[in-house]
Amino acid sequence: MEGPLATKPDELLPSASDFMTKLALAEAEEASKQSRQFAEAEAEKQALLDRFKKPSGLSDEEAIQHAVNIIERAVSNGRTEVEVHRFPNQLCTDKGRAINQQEPGWENTLTGVPKEIYQLWAKYFRPRGYKLRVEIINFPGGMPGDIAMTLKWG
């Protein structure tokens with residue numbers, strides 16, 4: 001009876017290198033999963049950037065009505081300003097440098113939807129006393145990051 005029992009532990013107990021191989025495969029699968037998730041997130045970010053780079057497709061009337069709804073909601077909450085848009089610095093031709101430096105003509109660096117918002121403000125809102133503050137709101141790695149557009153009426 002000792003013969004079959006002697007081989008049983010050899011069949012039951014894998015070698016240490018077998019477990020290391022199993023661990024390496026599990027780690028590789030996890031790394032692959034994280035890589036896929038990162039690639040998906042980057043693709044979503046790029047799709048959003050692409051969408052913001054293009055015209056919104058809204059008429060001036062539709063955009064104004066949307067803005068009025070936002071303003072009314074803010075006023076009902078006792079606010080005198082509201083952030084109307086936030087976007088990555090990639091939507092500026094200079095990555096937000098002119099905005100950060102408050103250079104004259106910074107508005108000429110805007111593209112896509114942010115440019116539309118600025119133009120809508122300049123054409124309709126500014127003559128009615130609204131102010132628009134455009135500023136860098138974070139500095140990842142010490143460099144300009146996201147940009148916020150805040151409409152003020154008080």
# chains A, B, ... in the order shown; residues from 1 in each chain; ligands from 1
>>> residues_around(residues="segment 64-66 of chain A", least_positions_apart="6", cutoff="10 Å", atoms="only C-alpha atoms", output="mmCIF file with N, CA and C atoms, in the first residue's frame")
data_model
loop_
_atom_site.group_PDB
_atom_site.id
_atom_site.type_symbol
_atom_site.label_atom_id
_atom_site.label_comp_id
_atom_site.auth_asym_id
_atom_site.auth_seq_id
_atom_site.Cartn_x
_atom_site.Cartn_y
_atom_site.Cartn_z
ATOM 1 N N LEU A 58 -26.358 73.514 -31.921
ATOM 2 C CA LEU A 58 -27.462 74.274 -31.355
ATOM 3 C C LEU A 58 -27.582 75.622 -32.052
ATOM 4 N N ILE A 117 -19.453 79.163 -27.019
ATOM 5 C CA ILE A 117 -19.944 79.777 -25.779
ATOM 6 C C ILE A 117 -19.433 81.209 -25.668
ATOM 7 N N LEU A 120 -21.287 83.398 -28.184
ATOM 8 C CA LEU A 120 -22.660 83.614 -27.742
ATOM 9 C C LEU A 120 -22.697 84.671 -26.637
ATOM 10 N N TRP A 121 -21.765 84.548 -25.694
ATOM 11 C CA TRP A 121 -21.678 85.548 -24.622
ATOM 12 C C TRP A 121 -21.400 86.935 -25.201
ATOM 13 N N TYR A 124 -24.638 88.203 -27.252
ATOM 14 C CA TYR A 124 -25.935 88.382 -26.591
ATOM 15 C C TYR A 124 -25.863 88.719 -25.103
ATOM 16 N N PHE A 125 -24.959 88.095 -24.383
ATOM 17 C CA PHE A 125 -24.947 88.230 -22.927
ATOM 18 C C PHE A 125 -24.168 89.463 -22.454
#
>>> closest_atom_pairs(of="segment 31-97 of chain A", to="segment 149-153 of chain A", cutoff="12 Å", atoms="only C-alpha atoms", output="JSON lines")
{"residue": "A:Ala67", "atom": "CA", "partner": "A:Leu151", "partner_atom": "CA", "distance": 9.4}
{"residue": "A:Val68", "atom": "CA", "partner": "A:Leu151", "partner_atom": "CA", "distance": 11.0}
{"residue": "A:Ile70", "atom": "CA", "partner": "A:Leu151", "partner_atom": "CA", "distance": 10.0}
{"residue": "A:Ile71", "atom": "CA", "partner": "A:Leu151", "partner_atom": "CA", "distance": 8.6}
{"residue": "A:Glu72", "atom": "CA", "partner": "A:Trp153", "partner_atom": "CA", "distance": 11.3}
{"residue": "A:Ala74", "atom": "CA", "partner": "A:Lys152", "partner_atom": "CA", "distance": 10.5}
{"residue": "A:Val75", "atom": "CA", "partner": "A:Trp153", "partner_atom": "CA", "distance": 9.6}
{"residue": "A:Gly78", "atom": "CA", "partner": "A:Trp153", "partner_atom": "CA", "distance": 11.8}
{"residue": "A:Arg79", "atom": "CA", "partner": "A:Lys152", "partner_atom": "CA", "distance": 9.1}
{"residue": "A:Thr80", "atom": "CA", "partner": "A:Trp153", "partner_atom": "CA", "distance": 5.6}
{"residue": "A:Glu81", "atom": "CA", "partner": "A:Lys152", "partner_atom": "CA", "distance": 4.1}
{"residue": "A:Val82", "atom": "CA", "partner": "A:Thr150", "partner_atom": "CA", "distance": 5.4}
{"residue": "A:Glu83", "atom": "CA", "partner": "A:Thr150", "partner_atom": "CA", "distance": 4.1}
{"residue": "A:Val84", "atom": "CA", "partner": "A:Thr150", "partner_atom": "CA", "distance": 5.6}
{"residue": "A:His85", "atom": "CA", "partner": "A:Met149", "partner_atom": "CA", "distance": 5.2}
{"residue": "A:Arg86", "atom": "CA", "partner": "A:Met149", "partner_atom": "CA", "distance": 6.2}
{"residue": "A:Phe87", "atom": "CA", "partner": "A:Met149", "partner_atom": "CA", "distance": 8.6}
{"residue": "A:Pro88", "atom": "CA", "partner": "A:Met149", "partner_atom": "CA", "distance": 11.5}
>>> atom_distance(atom1="atom CA of Ala24 of chain A", atom2="atom CA of Lys8 of chain A")
26.4 Å
>>> residues_around(residues="segment 92-100 of chain A", least_positions_apart="5", cutoff="8 Å", atoms="only C-alpha atoms", output="CSV table (one decimal) with all heavy atoms, in the first residue's frame")
chain,number,residue,atom,x,y,z
A,105,GLY,N,-6.5,88.8,-26.4
A,105,GLY,CA,-6.7,87.9,-27.5
A,105,GLY,C,-6.8,86.5,-27.1
A,105,GLY,O,-6.8,85.6,-28.0
A,106,TRP,N,-6.8,86.2,-25.8
A,106,TRP,CA,-6.8,84.7,-25.4
A,106,TRP,C,-8.0,84.0,-26.0
A,106,TRP,O,-8.0,82.8,-26.3
A,106,TRP,CB,-6.9,84.6,-23.9
A,106,TRP,CG,-8.1,85.3,-23.3
A,106,TRP,CD1,-8.1,86.6,-22.8
A,106,TRP,CD2,-9.4,84.8,-23.2
A,106,TRP,NE1,-9.4,86.8,-22.4
A,106,TRP,CE2,-10.2,85.7,-22.6
A,106,TRP,CE3,-9.9,83.5,-23.5
A,106,TRP,CZ2,-11.6,85.5,-22.3
A,106,TRP,CZ3,-11.3,83.3,-23.2
A,106,TRP,CH2,-12.1,84.3,-22.7
A,107,GLU,N,-9.1,84.8,-26.2
A,107,GLU,CA,-10.3,84.2,-26.8
A,107,GLU,C,-10.1,83.6,-28.2
A,107,GLU,O,-10.8,82.7,-28.6
A,107,GLU,CB,-11.5,85.1,-26.8
A,107,GLU,CG,-11.3,86.3,-27.7
A,107,GLU,CD,-10.5,87.5,-27.1
A,107,GLU,OE1,-10.0,87.4,-25.9
A,107,GLU,OE2,-10.4,88.5,-27.7
A,109,THR,N,-7.8,81.7,-29.0
A,109,THR,CA,-7.2,80.4,-28.9
A,109,THR,C,-8.3,79.3,-28.6
A,109,THR,O,-8.0,78.1,-28.7
A,109,THR,CB,-6.2,80.3,-27.7
A,109,THR,OG1,-6.9,80.4,-26.5
A,109,THR,CG2,-5.1,81.4,-27.8
A,110,LEU,N,-9.5,79.7,-28.4
A,110,LEU,CA,-10.6,78.7,-28.1
A,110,LEU,C,-11.0,78.1,-29.4
A,110,LEU,O,-11.0,78.7,-30.5
A,110,LEU,CB,-11.8,79.5,-27.5
A,110,LEU,CG,-11.7,80.1,-26.2
A,110,LEU,CD1,-12.9,80.9,-25.8
A,110,LEU,CD2,-11.3,79.1,-25.1
A,111,THR,N,-11.5,76.8,-29.3
A,111,THR,CA,-12.0,76.1,-30.5
A,111,THR,C,-13.3,75.4,-30.0
A,111,THR,O,-13.6,75.3,-28.9
A,111,THR,CB,-11.0,75.0,-30.9
A,111,THR,OG1,-10.8,74.0,-29.9
A,111,THR,CG2,-9.6,75.6,-31.3
A,134,VAL,N,-13.1,83.2,-17.5
A,134,VAL,CA,-12.5,82.0,-18.1
A,134,VAL,C,-11.1,81.9,-17.4
A,134,VAL,O,-10.3,82.8,-17.5
A,134,VAL,CB,-12.3,82.1,-19.6
A,134,VAL,CG1,-11.7,80.8,-20.2
A,134,VAL,CG2,-13.7,82.4,-20.3
A,135,GLU,N,-11.0,80.7,-16.8
A,135,GLU,CA,-9.7,80.5,-16.0
A,135,GLU,C,-9.3,79.1,-15.9
A,135,GLU,O,-10.1,78.2,-16.0
A,135,GLU,CB,-9.9,81.1,-14.6
A,135,GLU,CG,-11.0,80.4,-13.8
A,135,GLU,CD,-11.3,81.0,-12.5
A,135,GLU,OE1,-10.4,81.7,-11.9
A,135,GLU,OE2,-12.4,80.8,-12.0
A,136,ILE,N,-8.0,78.9,-15.7
A,136,ILE,CA,-7.5,77.5,-15.5
A,136,ILE,C,-7.9,77.2,-14.1
A,136,ILE,O,-7.6,77.9,-13.2
A,136,ILE,CB,-5.9,77.5,-15.6
A,136,ILE,CG1,-5.5,78.1,-17.0
A,136,ILE,CG2,-5.4,76.1,-15.4
A,136,ILE,CD1,-5.9,77.4,-18.2
A,144,PRO,N,-0.9,74.1,-17.0
A,144,PRO,CA,-2.4,74.3,-17.0
A,144,PRO,C,-3.1,73.1,-17.4
A,144,PRO,O,-2.7,72.3,-18.2
A,144,PRO,CB,-2.5,75.4,-18.2
A,144,PRO,CG,-1.1,76.0,-18.2
A,144,PRO,CD,-0.2,75.0,-17.8
A,145,GLY,N,-4.3,72.9,-16.7
A,145,GLY,CA,-5.1,71.7,-16.9
A,145,GLY,C,-6.5,72.2,-17.4
A,145,GLY,O,-6.6,72.8,-18.5
A,147,ILE,N,-10.1,74.0,-17.9
A,147,ILE,CA,-10.5,75.4,-17.9
A,147,ILE,C,-12.0,75.5,-17.6
A,147,ILE,O,-12.8,74.7,-18.1
A,147,ILE,CB,-10.2,76.0,-19.3
A,147,ILE,CG1,-8.7,75.9,-19.6
A,147,ILE,CG2,-10.7,77.4,-19.5
A,147,ILE,CD1,-8.3,76.1,-21.0
>>> select_by_dssp(residues="segment 1-103 of chain A", states="helix (DSSP H, G or I)", output="number ranges by chain")
A: 2-12, 16-53, 60-76, 89-91, 97-101
>>> select_by_dssp(residues="chain A", states="strand (DSSP E or B)", output="list of chain:residue names")
A:Glu81, A:Val82, A:Glu83, A:Val84, A:His85, A:Arg86, A:Phe87, A:Cys92, A:Leu110, A:Lys131, A:Leu132, A:Arg133, A:Val134, A:Glu135, A:Ile136, A:Ile147, A:Ala148, A:Met149, A:Thr150, A:Leu151, A:Lys152
>>> atom_distance(atom1="atom CA of Asn89 of chain A", atom2="atom CA of Gln46 of chain A")
12.9 Å
>>> closest_residue(among="A:Gly112, A:Phe19, A:Arg36, A:Lys123", to="Ser56 of chain A", atoms="only C-alpha atoms")
A:Gly112
>>> atom_distance(atom1="atom CA of Met143 of chain A", atom2="atom CA of Ala31 of chain A")
29.0 Å
>>> closest_residue(among="A:Leu12, A:Met20, A:Ala63, A:Leu91", to="Ala148 of chain A", atoms="only C-alpha atoms")
A:Leu91
